[in-house]
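target.tsv follows (TSV, N, CA and C atoms):
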```
chain	number	residue	atom	x	y	z
A	170	MET	N	166.50	-161.30	68.10
A	170	MET	CA	167.47	-160.21	67.98
A	170	MET	C	167.62	-159.84	66.51
A	171	HIS	N	167.54	-158.55	66.25
A	171	HIS	CA	167.79	-158.12	64.88
A	171	HIS	C	169.26	-157.71	64.74
A	172	ARG	N	169.72	-157.75	63.54
A	172	ARG	CA	171.12	-157.45	63.25
A	172	ARG	C	171.41	-155.97	63.45
A	173	PRO	N	172.43	-155.65	64.25
A	173	PRO	CA	172.78	-154.23	64.44
A	173	PRO	C	173.39	-153.66	63.16
A	174	PRO	N	173.34	-152.35	63.00
A	174	PRO	CA	173.99	-151.77	61.82
A	174	PRO	C	175.52	-151.90	61.94
A	175	PRO	N	176.20	-152.17	60.84
A	175	PRO	CA	177.67	-152.28	60.91
A	175	PRO	C	178.31	-150.93	61.19
A	176	LEU	N	179.48	-150.97	61.83
A	176	LEU	CA	180.25	-149.76	62.08
A	176	LEU	C	180.84	-149.22	60.78
A	177	LYS	N	181.11	-150.15	59.85
A	177	LYS	CA	181.77	-149.81	58.60
A	177	LYS	C	181.53	-150.95	57.62
A	178	ILE	N	181.50	-150.62	56.32
A	178	ILE	CA	181.40	-151.63	55.26
A	178	ILE	C	182.57	-151.42	54.31
A	179	ILE	N	183.30	-152.50	54.05
A	179	ILE	CA	184.44	-152.47	53.13
A	179	ILE	C	184.09	-153.38	51.96
A	180	SER	N	184.21	-152.85	50.75
A	180	SER	CA	183.83	-153.64	49.59
A	180	SER	C	184.91	-153.53	48.53
A	181	ASN	N	185.30	-154.69	47.97
A	181	ASN	CA	186.27	-154.71	46.87
A	181	ASN	C	185.98	-155.90	45.97
A	182	GLU	N	186.93	-156.26	45.11
A	182	GLU	CA	186.70	-157.36	44.16
A	182	GLU	C	186.66	-158.73	44.84
A	183	ILE	N	187.13	-158.82	46.08
A	183	ILE	CA	187.13	-160.09	46.81
A	183	ILE	C	185.83	-160.29	47.59
A	184	ALA	N	185.43	-159.27	48.34
A	184	ALA	CA	184.31	-159.45	49.27
A	184	ALA	C	183.71	-158.13	49.71
A	185	GLU	N	182.58	-158.26	50.37
A	185	GLU	CA	182.02	-157.16	51.14
A	185	GLU	C	182.14	-157.56	52.61
A	186	ILE	N	182.77	-156.70	53.39
A	186	ILE	CA	183.02	-156.98	54.81
A	186	ILE	C	182.23	-155.98	55.65
A	187	GLU	N	181.36	-156.50	56.52
A	187	GLU	CA	180.65	-155.67	57.48
A	187	GLU	C	181.40	-155.74	58.80
A	188	VAL	N	181.78	-154.59	59.31
A	188	VAL	CA	182.61	-154.50	60.51
A	188	VAL	C	181.73	-154.17	61.73
A	189	TYR	N	181.87	-154.97	62.78
A	189	TYR	CA	181.16	-154.77	64.05
A	189	TYR	C	182.19	-154.70	65.17
A	190	ASN	N	181.75	-154.48	66.41
A	190	ASN	CA	182.69	-154.34	67.53
A	190	ASN	C	183.56	-155.57	67.75
A	191	SER	N	182.96	-156.76	67.72
A	191	SER	CA	183.72	-157.95	68.07
A	191	SER	C	183.67	-159.05	67.00
A	192	PHE	N	183.13	-158.72	65.84
A	192	PHE	CA	183.08	-159.70	64.75
A	192	PHE	C	182.92	-158.99	63.42
A	193	ILE	N	183.17	-159.76	62.35
A	193	ILE	CA	182.89	-159.26	61.00
A	193	ILE	C	181.99	-160.26	60.30
A	194	ILE	N	181.24	-159.75	59.34
A	194	ILE	CA	180.45	-160.60	58.44
A	194	ILE	C	181.03	-160.40	57.05
A	195	SER	N	181.46	-161.49	56.47
A	195	SER	CA	182.10	-161.46	55.16
A	195	SER	C	181.20	-162.13	54.13
A	196	THR	N	180.97	-161.44	53.03
A	196	THR	CA	180.25	-162.02	51.90
A	196	THR	C	181.22	-162.03	50.72
A	197	ILE	N	181.80	-163.19	50.47
A	197	ILE	CA	182.77	-163.33	49.37
A	197	ILE	C	182.01	-163.22	48.05
A	198	ASN	N	182.60	-162.53	47.08
A	198	ASN	CA	181.95	-162.30	45.79
A	198	ASN	C	181.87	-163.57	44.95
A	199	GLU	N	180.90	-163.60	44.07
A	199	GLU	CA	180.67	-164.71	43.13
A	199	GLU	C	181.94	-165.01	42.34
A	200	GLY	N	182.30	-166.30	42.29
A	200	GLY	CA	183.41	-166.73	41.45
A	200	GLY	C	184.80	-166.56	42.01
A	201	VAL	N	184.93	-165.98	43.21
A	201	VAL	CA	186.26	-165.77	43.81
A	201	VAL	C	186.85	-167.12	44.19
A	202	SER	N	188.15	-167.26	43.98
A	202	SER	CA	188.90	-168.41	44.47
A	202	SER	C	189.69	-167.92	45.68
A	203	PHE	N	189.19	-168.21	46.89
A	203	PHE	CA	189.81	-167.69	48.12
A	203	PHE	C	191.00	-168.57	48.48
A	204	ASP	N	192.19	-167.99	48.32
A	204	ASP	CA	193.42	-168.74	48.49
A	204	ASP	C	194.38	-167.90	49.33
A	205	TYR	N	195.67	-168.18	49.26
A	205	TYR	CA	196.66	-167.51	50.11
A	205	TYR	C	196.71	-165.99	49.91
A	206	GLU	N	196.62	-165.54	48.68
A	206	GLU	CA	196.67	-164.09	48.41
A	206	GLU	C	195.48	-163.37	49.07
A	207	GLU	N	194.29	-163.95	48.93
A	207	GLU	CA	193.09	-163.36	49.53
A	207	GLU	C	193.17	-163.44	51.06
A	208	LEU	N	193.74	-164.52	51.56
A	208	LEU	CA	193.91	-164.66	53.00
A	208	LEU	C	194.86	-163.60	53.55
A	209	ALA	N	195.92	-163.31	52.83
A	209	ALA	CA	196.87	-162.27	53.26
A	209	ALA	C	196.18	-160.91	53.33
A	210	TRP	N	195.36	-160.60	52.32
A	210	TRP	CA	194.60	-159.34	52.33
A	210	TRP	C	193.68	-159.29	53.55
A	211	PHE	N	192.97	-160.39	53.77
A	211	PHE	CA	192.03	-160.49	54.88
A	211	PHE	C	192.75	-160.33	56.22
A	212	SER	N	193.88	-160.99	56.37
A	212	SER	CA	194.66	-160.92	57.60
A	212	SER	C	195.14	-159.49	57.88
A	213	ASP	N	195.64	-158.83	56.84
A	213	ASP	CA	196.08	-157.44	57.00
A	213	ASP	C	194.92	-156.53	57.40
A	214	LEU	N	193.76	-156.78	56.82
A	214	LEU	CA	192.57	-155.99	57.15
A	214	LEU	C	192.20	-156.17	58.62
A	215	LEU	N	192.22	-157.41	59.11
A	215	LEU	CA	191.89	-157.66	60.51
A	215	LEU	C	192.87	-156.97	61.46
A	216	LYS	N	194.16	-157.03	61.12
A	216	LYS	CA	195.17	-156.38	61.97
A	216	LYS	C	194.96	-154.87	62.02
A	217	GLU	N	194.52	-154.31	60.91
A	217	GLU	CA	194.25	-152.87	60.86
A	217	GLU	C	192.99	-152.50	61.64
A	218	LEU	N	191.93	-153.30	61.48
A	218	LEU	CA	190.65	-152.99	62.11
A	218	LEU	C	190.61	-153.33	63.60
A	219	TYR	N	191.28	-154.41	63.97
A	219	TYR	CA	191.19	-154.92	65.34
A	219	TYR	C	192.59	-155.17	65.91
A	220	PRO	N	193.40	-154.14	66.08
A	220	PRO	CA	194.74	-154.38	66.63
A	220	PRO	C	194.64	-154.96	68.05
A	221	ASN	N	195.33	-156.07	68.26
A	221	ASN	CA	195.38	-156.72	69.58
A	221	ASN	C	194.02	-157.12	70.13
A	222	GLN	N	193.10	-157.52	69.28
A	222	GLN	CA	191.77	-157.93	69.72
A	222	GLN	C	191.37	-159.23	69.04
A	223	LYS	N	190.82	-160.16	69.82
A	223	LYS	CA	190.26	-161.39	69.27
A	223	LYS	C	188.85	-161.08	68.76
A	224	ILE	N	188.51	-161.68	67.61
A	224	ILE	CA	187.21	-161.43	67.02
A	224	ILE	C	186.60	-162.72	66.50
A	225	GLY	N	185.33	-162.63	66.12
A	225	GLY	CA	184.65	-163.72	65.45
A	225	GLY	C	184.49	-163.40	63.98
A	226	TYR	N	184.42	-164.45	63.17
A	226	TYR	CA	184.29	-164.30	61.72
A	226	TYR	C	183.04	-165.04	61.27
A	227	ILE	N	182.14	-164.33	60.60
A	227	ILE	CA	180.94	-164.94	60.05
A	227	ILE	C	181.05	-164.89	58.54
A	228	ALA	N	181.03	-166.07	57.92
A	228	ALA	CA	181.07	-166.19	56.46
A	228	ALA	C	179.65	-166.34	55.96
A	229	ASN	N	179.14	-165.31	55.30
A	229	ASN	CA	177.79	-165.33	54.76
A	229	ASN	C	177.87	-165.81	53.32
A	230	ARG	N	177.62	-167.09	53.12
A	230	ARG	CA	177.85	-167.71	51.81
A	230	ARG	C	176.62	-167.59	50.91
A	231	ILE	N	176.43	-166.40	50.41
A	231	ILE	CA	175.34	-166.12	49.48
A	231	ILE	C	175.73	-166.56	48.07
A	232	HIS	N	176.98	-166.28	47.71
A	232	HIS	CA	177.47	-166.53	46.35
A	232	HIS	C	178.25	-167.84	46.27
A	233	LYS	N	178.43	-168.29	45.05
A	233	LYS	CA	179.22	-169.49	44.80
A	233	LYS	C	180.67	-169.07	44.59
A	234	TYR	N	181.57	-169.62	45.40
A	234	TYR	CA	183.01	-169.35	45.31
A	234	TYR	C	183.73	-170.54	45.91
A	235	SER	N	185.05	-170.57	45.73
A	235	SER	CA	185.81	-171.70	46.27
A	235	SER	C	186.77	-171.23	47.34
A	236	VAL	N	187.07	-172.13	48.27
A	236	VAL	CA	188.01	-171.86	49.35
A	236	VAL	C	189.05	-172.99	49.34
A	237	ASN	N	190.31	-172.63	49.35
A	237	ASN	CA	191.37	-173.62	49.49
A	237	ASN	C	191.42	-173.99	50.98
A	238	PRO	N	191.02	-175.21	51.35
A	238	PRO	CA	190.97	-175.56	52.78
A	238	PRO	C	192.34	-175.56	53.45
A	239	LEU	N	193.41	-175.63	52.68
A	239	LEU	CA	194.75	-175.61	53.29
A	239	LEU	C	195.08	-174.27	53.94
A	240	ILE	N	194.34	-173.20	53.59
A	240	ILE	CA	194.61	-171.90	54.22
A	240	ILE	C	194.31	-171.94	55.71
A	241	TYR	N	193.48	-172.90	56.16
A	241	TYR	CA	193.19	-172.99	57.59
A	241	TYR	C	194.41	-173.40	58.41
A	242	PHE	N	195.44	-173.93	57.75
A	242	PHE	CA	196.68	-174.26	58.45
A	242	PHE	C	197.56	-173.03	58.68
A	243	GLU	N	197.22	-171.92	58.06
A	243	GLU	CA	198.00	-170.69	58.20
A	243	GLU	C	197.62	-169.99	59.50
A	244	LYS	N	198.07	-170.54	60.59
A	244	LYS	CA	197.68	-170.06	61.92
A	244	LYS	C	197.98	-168.58	62.13
A	245	LEU	N	199.10	-168.11	61.59
A	245	LEU	CA	199.48	-166.71	61.76
A	245	LEU	C	198.39	-165.78	61.24
A	246	HIS	N	197.77	-166.15	60.13
A	246	HIS	CA	196.73	-165.30	59.55
A	246	HIS	C	195.43	-165.35	60.33
A	247	TYR	N	195.25	-166.39	61.13
A	247	TYR	CA	194.00	-166.56	61.86
A	247	TYR	C	194.16	-166.32	63.36
A	248	GLU	N	195.29	-165.78	63.78
A	248	GLU	CA	195.52	-165.66	65.22
A	248	GLU	C	194.50	-164.75	65.90
A	249	GLN	N	193.96	-163.77	65.21
A	249	GLN	CA	192.96	-162.89	65.81
A	249	GLN	C	191.57	-163.50	65.82
A	250	VAL	N	191.32	-164.47	64.97
A	250	VAL	CA	189.99	-165.06	64.84
A	250	VAL	C	189.86	-166.21	65.85
A	251	SER	N	188.92	-166.05	66.79
A	251	SER	CA	188.75	-167.09	67.81
A	251	SER	C	187.58	-168.02	67.49
A	252	ALA	N	186.75	-167.65	66.52
A	252	ALA	CA	185.62	-168.51	66.13
A	252	ALA	C	185.17	-168.16	64.72
A	253	ILE	N	184.73	-169.19	63.99
A	253	ILE	CA	184.20	-169.00	62.65
A	253	ILE	C	182.79	-169.58	62.60
A	254	ALA	N	181.86	-168.78	62.09
A	254	ALA	CA	180.49	-169.23	61.82
A	254	ALA	C	180.27	-169.15	60.32
A	255	VAL	N	179.70	-170.20	59.75
A	255	VAL	CA	179.44	-170.23	58.31
A	255	VAL	C	177.94	-170.33	58.09
A	256	ILE	N	177.39	-169.38	57.33
A	256	ILE	CA	175.97	-169.38	56.99
A	256	ILE	C	175.83	-170.11	55.65
A	257	CYS	N	175.11	-171.24	55.66
A	257	CYS	CA	174.94	-172.05	54.45
A	257	CYS	C	173.48	-172.02	54.01
A	258	ASN	N	173.30	-171.98	52.70
A	258	ASN	CA	171.95	-171.92	52.13
A	258	ASN	C	171.52	-173.20	51.44
A	259	ASN	N	172.45	-174.16	51.30
A	259	ASN	CA	172.09	-175.42	50.64
A	259	ASN	C	173.04	-176.52	51.13
A	260	GLN	N	172.71	-177.75	50.77
A	260	GLN	CA	173.47	-178.90	51.25
A	260	GLN	C	174.90	-178.90	50.71
A	261	GLU	N	175.10	-178.44	49.49
A	261	GLU	CA	176.46	-178.37	48.93
A	261	GLU	C	177.36	-177.47	49.79
A	262	GLN	N	176.82	-176.33	50.21
A	262	GLN	CA	177.58	-175.42	51.08
A	262	GLN	C	177.84	-176.06	52.44
A	263	VAL	N	176.86	-176.76	52.98
A	263	VAL	CA	177.04	-177.44	54.27
A	263	VAL	C	178.15	-178.47	54.16
A	264	ASN	N	178.12	-179.27	53.10
A	264	ASN	CA	179.16	-180.29	52.92
A	264	ASN	C	180.54	-179.67	52.82
A	265	MET	N	180.67	-178.57	52.08
A	265	MET	CA	181.96	-177.90	51.96
A	265	MET	C	182.42	-177.34	53.31
A	266	ALA	N	181.50	-176.74	54.05
A	266	ALA	CA	181.83	-176.19	55.37
A	266	ALA	C	182.26	-177.29	56.33
A	267	LEU	N	181.58	-178.44	56.29
A	267	LEU	CA	181.97	-179.56	57.15
A	267	LEU	C	183.38	-180.04	56.81
A	268	TYR	N	183.71	-180.05	55.52
A	268	TYR	CA	185.06	-180.41	55.09
A	268	TYR	C	186.09	-179.40	55.61
A	269	GLU	N	185.79	-178.10	55.45
A	269	GLU	CA	186.70	-177.05	55.93
A	269	GLU	C	186.89	-177.14	57.44
A	270	LYS	N	185.82	-177.49	58.15
A	270	LYS	CA	185.87	-177.57	59.62
A	270	LYS	C	186.94	-178.55	60.09
A	271	THR	N	187.21	-179.59	59.31
A	271	THR	CA	188.22	-180.58	59.70
A	271	THR	C	189.63	-179.98	59.68
A	272	PHE	N	189.82	-178.86	59.00
A	272	PHE	CA	191.13	-178.22	58.92
A	272	PHE	C	191.32	-177.13	59.97
A	273	TYR	N	190.26	-176.63	60.56
A	273	TYR	CA	190.33	-175.50	61.49
A	273	TYR	C	190.20	-176.02	62.91
A	274	LYS	N	191.13	-175.68	63.76
A	274	LYS	CA	191.20	-176.28	65.09
A	274	LYS	C	190.59	-175.44	66.21
A	275	LYS	N	189.96	-174.33	65.86
A	275	LYS	CA	189.26	-173.53	66.88
A	275	LYS	C	187.75	-173.73	66.69
A	276	GLU	N	186.97	-172.89	67.35
A	276	GLU	CA	185.50	-172.97	67.25
A	276	GLU	C	185.06	-172.73	65.81
A	277	PHE	N	184.22	-173.61	65.27
A	277	PHE	CA	183.75	-173.52	63.89
A	277	PHE	C	182.37	-174.16	63.85
A	278	GLU	N	181.35	-173.38	63.54
A	278	GLU	CA	179.99	-173.91	63.49
A	278	GLU	C	179.29	-173.48	62.20
A	279	ILE	N	178.27	-174.24	61.84
A	279	ILE	CA	177.51	-174.00	60.61
A	279	ILE	C	176.09	-173.61	60.99
A	280	PHE	N	175.56	-172.59	60.31
A	280	PHE	CA	174.23	-172.07	60.60
A	280	PHE	C	173.46	-171.85	59.30
A	281	THR	N	172.14	-171.70	59.43
A	281	THR	CA	171.31	-171.36	58.28
A	281	THR	C	170.78	-169.93	58.37
A	282	GLU	N	170.88	-169.32	59.56
A	282	GLU	CA	170.38	-167.96	59.75
A	282	GLU	C	171.48	-167.08	60.37
A	283	ILE	N	171.60	-165.88	59.85
A	283	ILE	CA	172.68	-164.99	60.28
A	283	ILE	C	172.51	-164.56	61.73
A	284	GLU	N	171.27	-164.35	62.19
A	284	GLU	CA	171.04	-163.91	63.57
A	284	GLU	C	171.50	-164.98	64.56
A	285	THR	N	171.28	-166.24	64.25
A	285	THR	CA	171.73	-167.33	65.10
A	285	THR	C	173.25	-167.38	65.15
A	286	ALA	N	173.88	-167.15	64.01
A	286	ALA	CA	175.35	-167.11	63.96
A	286	ALA	C	175.90	-165.96	64.78
A	287	ILE	N	175.26	-164.80	64.70
A	287	ILE	CA	175.70	-163.63	65.49
A	287	ILE	C	175.59	-163.95	66.99
A	288	ASN	N	174.48	-164.53	67.40
A	288	ASN	CA	174.31	-164.89	68.82
A	288	ASN	C	175.41	-165.85	69.28
A	289	TRP	N	175.71	-166.85	68.46
A	289	TRP	CA	176.76	-167.82	68.81
A	289	TRP	C	178.12	-167.15	68.88
A	290	ILE	N	178.44	-166.34	67.89
A	290	ILE	CA	179.73	-165.61	67.88
A	290	ILE	C	179.87	-164.76	69.13
A	291	ASN	N	178.80	-164.05	69.50
A	291	ASN	CA	178.86	-163.20	70.70
A	291	ASN	C	179.08	-164.02	71.97
A	292	GLU	N	178.61	-165.25	72.00
A	292	GLU	CA	178.83	-166.11	73.17
A	292	GLU	C	180.26	-166.62	73.26
A	293	VAL	N	180.86	-166.98	72.13
A	293	VAL	CA	182.16	-167.64	72.18
A	293	VAL	C	183.35	-166.68	72.06
A	294	VAL	N	183.14	-165.48	71.60
A	294	VAL	CA	184.26	-164.54	71.46
A	294	VAL	C	184.47	-163.79	72.76
```
Would you put the structure from the file into structure tokens?
Amino acid sequence: MHRPPPLKIISNEIAEIEVYNSFIISTINEGVSFDYEELAWFSDLLKELYPNQKIGYIANRIHKYSVNPLIYFEKLHYEQVSAIAVICNNQEQVNMALYEKTFYKKEFEIFTEIETAINWINEVV
């Protein structure tokens, strides 16, 4: 399966977000520290794009950035997200994703290819 074209692309100083019918692909920018402020922006964006709809979230980790794993406890911000797929390109990213997975209580899987992540997201959402 090849990747369908996104319905919309949103780009700012935090990330580039590709919007699809039932999921988004997020590429966080180099050097970003993803914390509560960034999570609030992300949550507001999801509510605007997908009112009253559960979606999947694919994190395409091309760049080096940090994530505060405590944000996974902010259930209110993640209520629309029913599954998270993380695309990792190296062992350091895999280790970080495995650590983050311990904080998130819904579906969370790690992949090396975006097409495989899209297939999984489409199955679980």
### Query
Using only N, CA and C atoms, which residues sit within 8 Å of Asn190 of chain A once same-chain residues fewer than 6 positions away are excluded, as an MDAnalysis selection string?
chainID A and resid 175:177 223:225
### Task
Could you tell me how far atom CA of Ile197 of chain A lies from atom N of Ile256 of chain A, in Å and to one decimal?
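Straight-line distance from atom CA of Ile197 of chain A to atom N of Ile256 of chain A works out to 11.4 Å.
For the atom pair formed by atom CA of Cys257 of chain A and atom C of Ile279 of chain A, the distance is 6.8 Å, given to one decimal.
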### Message
I need the residues of segment 207-286 of chain A that end up classed as alpha helix (DSSP H) by DSSP on the backbone, written out as a PyMOL selection string.
### Response
chain A and resi 207-218+260-270+283-286
### Length of the atom N of Leu208 of chain A to atom N of Gln262 of chain A vector [Å]
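Interatomic distance, atom N of Leu208 of chain A to atom N of Gln262 of chain A: 20.7 Å.
Residues in contact with Glu187 of chain A at up to 6 Å, not including ones fewer than 2 positions away on its chain and judged by only N, CA and C atoms, are Pro175, Leu176, Lys177, Ile178, Ile179, Glu185, Tyr189, Phe192, Ile193, Ile194 and Ser195 of chain A.
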Edge lengths and centre, in Å to one decimal, as lines of an AutoDock Vina configuration file: that's what I need for the box along x, y and z that holds all listed atoms of segment 253-267 of chain A plus 8 Å on each side.
```
center_x = 178.1
center_y = -174.5
center_z = 56.5
size_x = 29.2
size_y = 27.5
size_z = 31.1
```
### Message
Can you tell me which residues surround Phe277 of chain A at a distance of at most 8 Å, considering only N, CA and C atoms, apart from same-chain residues fewer than 6 positions away, and format the answer as a ChimeraX atom specification?
### Response
/A:251-255,270
### Task
For each of A:Ser202, A:Thr271, A:Asn221, A:Asn259, take the minimum atom-to-atom distance to Ser235 of chain A, counting only N, CA and C atoms, then give the residue where this is smallest.
A:Ser202
### Task
For each of A:Ile227, A:Val250, A:Met265, A:Ile183, take the minimum atom-to-atom distance to Glu207 of chain A, counting only N, CA and C atoms, then give the residue where this is smallest.
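Selected residue with least distance to Glu207 of chain A: A:Ile183.
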### Query
For Ser212 of chain A, which residue out of A:Lys275, A:Asn264, A:Glu248, A:Ile290 is the nearest one, using all atoms listed in the file?
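Among the listed residues, A:Glu248 lies closest to Ser212 of chain A.
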### Task
Determine, counting only C-alpha atoms, which protein, DNA and RNA residues have an atom within 9 Å of an atom of Phe272 of chain A; residues of the same chain fewer than 4 positions away are not included. Present the result as number ranges by chain.
A: 238-242, 268
### Task
Determine which residues of chain A receive a DSSP assignment of strand (DSSP E), computed from the backbone, and state them as a ChimeraX atom specification.
/A:177-180,184-188,192-197,202-203,224-229,235-236,250-256,276-280
For a cut-off of 12 Å around (192.8, -153.9, 60.2), file coordinates, pick out all residues using only C-alpha atoms and list them as a compact mmCIF listing (two decimals) with N, CA and C atoms, in the coordinates of the input.
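Full text of selection.txt as output:
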```
# COMPACT_ATOMS: atom_id res chain seq x y z
N LYS A 177 181.11 -150.15 59.85
CA LYS A 177 181.77 -149.81 58.60
C LYS A 177 181.53 -150.95 57.62
N ILE A 179 183.30 -152.50 54.05
CA ILE A 179 184.44 -152.47 53.13
C ILE A 179 184.09 -153.38 51.96
N ILE A 186 182.77 -156.70 53.39
CA ILE A 186 183.02 -156.98 54.81
C ILE A 186 182.23 -155.98 55.65
N VAL A 188 181.78 -154.59 59.31
CA VAL A 188 182.61 -154.50 60.51
C VAL A 188 181.73 -154.17 61.73
N ILE A 193 183.17 -159.76 62.35
CA ILE A 193 182.89 -159.26 61.00
C ILE A 193 181.99 -160.26 60.30
N ALA A 209 195.92 -163.31 52.83
CA ALA A 209 196.87 -162.27 53.26
C ALA A 209 196.18 -160.91 53.33
N TRP A 210 195.36 -160.60 52.32
CA TRP A 210 194.60 -159.34 52.33
C TRP A 210 193.68 -159.29 53.55
N PHE A 211 192.97 -160.39 53.77
CA PHE A 211 192.03 -160.49 54.88
C PHE A 211 192.75 -160.33 56.22
N SER A 212 193.88 -160.99 56.37
CA SER A 212 194.66 -160.92 57.60
C SER A 212 195.14 -159.49 57.88
N ASP A 213 195.64 -158.83 56.84
CA ASP A 213 196.08 -157.44 57.00
C ASP A 213 194.92 -156.53 57.40
N LEU A 214 193.76 -156.78 56.82
CA LEU A 214 192.57 -155.99 57.15
C LEU A 214 192.20 -156.17 58.62
N LEU A 215 192.22 -157.41 59.11
CA LEU A 215 191.89 -157.66 60.51
C LEU A 215 192.87 -156.97 61.46
N LYS A 216 194.16 -157.03 61.12
CA LYS A 216 195.17 -156.38 61.97
C LYS A 216 194.96 -154.87 62.02
N GLU A 217 194.52 -154.31 60.91
CA GLU A 217 194.25 -152.87 60.86
C GLU A 217 192.99 -152.50 61.64
N LEU A 218 191.93 -153.30 61.48
CA LEU A 218 190.65 -152.99 62.11
C LEU A 218 190.61 -153.33 63.60
N TYR A 219 191.28 -154.41 63.97
CA TYR A 219 191.19 -154.92 65.34
C TYR A 219 192.59 -155.17 65.91
N PRO A 220 193.40 -154.14 66.08
CA PRO A 220 194.74 -154.38 66.63
C PRO A 220 194.64 -154.96 68.05
N ASN A 221 195.33 -156.07 68.26
CA ASN A 221 195.38 -156.72 69.58
C ASN A 221 194.02 -157.12 70.13
N GLN A 222 193.10 -157.52 69.28
CA GLN A 222 191.77 -157.93 69.72
C GLN A 222 191.37 -159.23 69.04
N ILE A 224 188.51 -161.68 67.61
CA ILE A 224 187.21 -161.43 67.02
C ILE A 224 186.60 -162.72 66.50
N GLN A 249 193.96 -163.77 65.21
CA GLN A 249 192.96 -162.89 65.81
C GLN A 249 191.57 -163.50 65.82
```
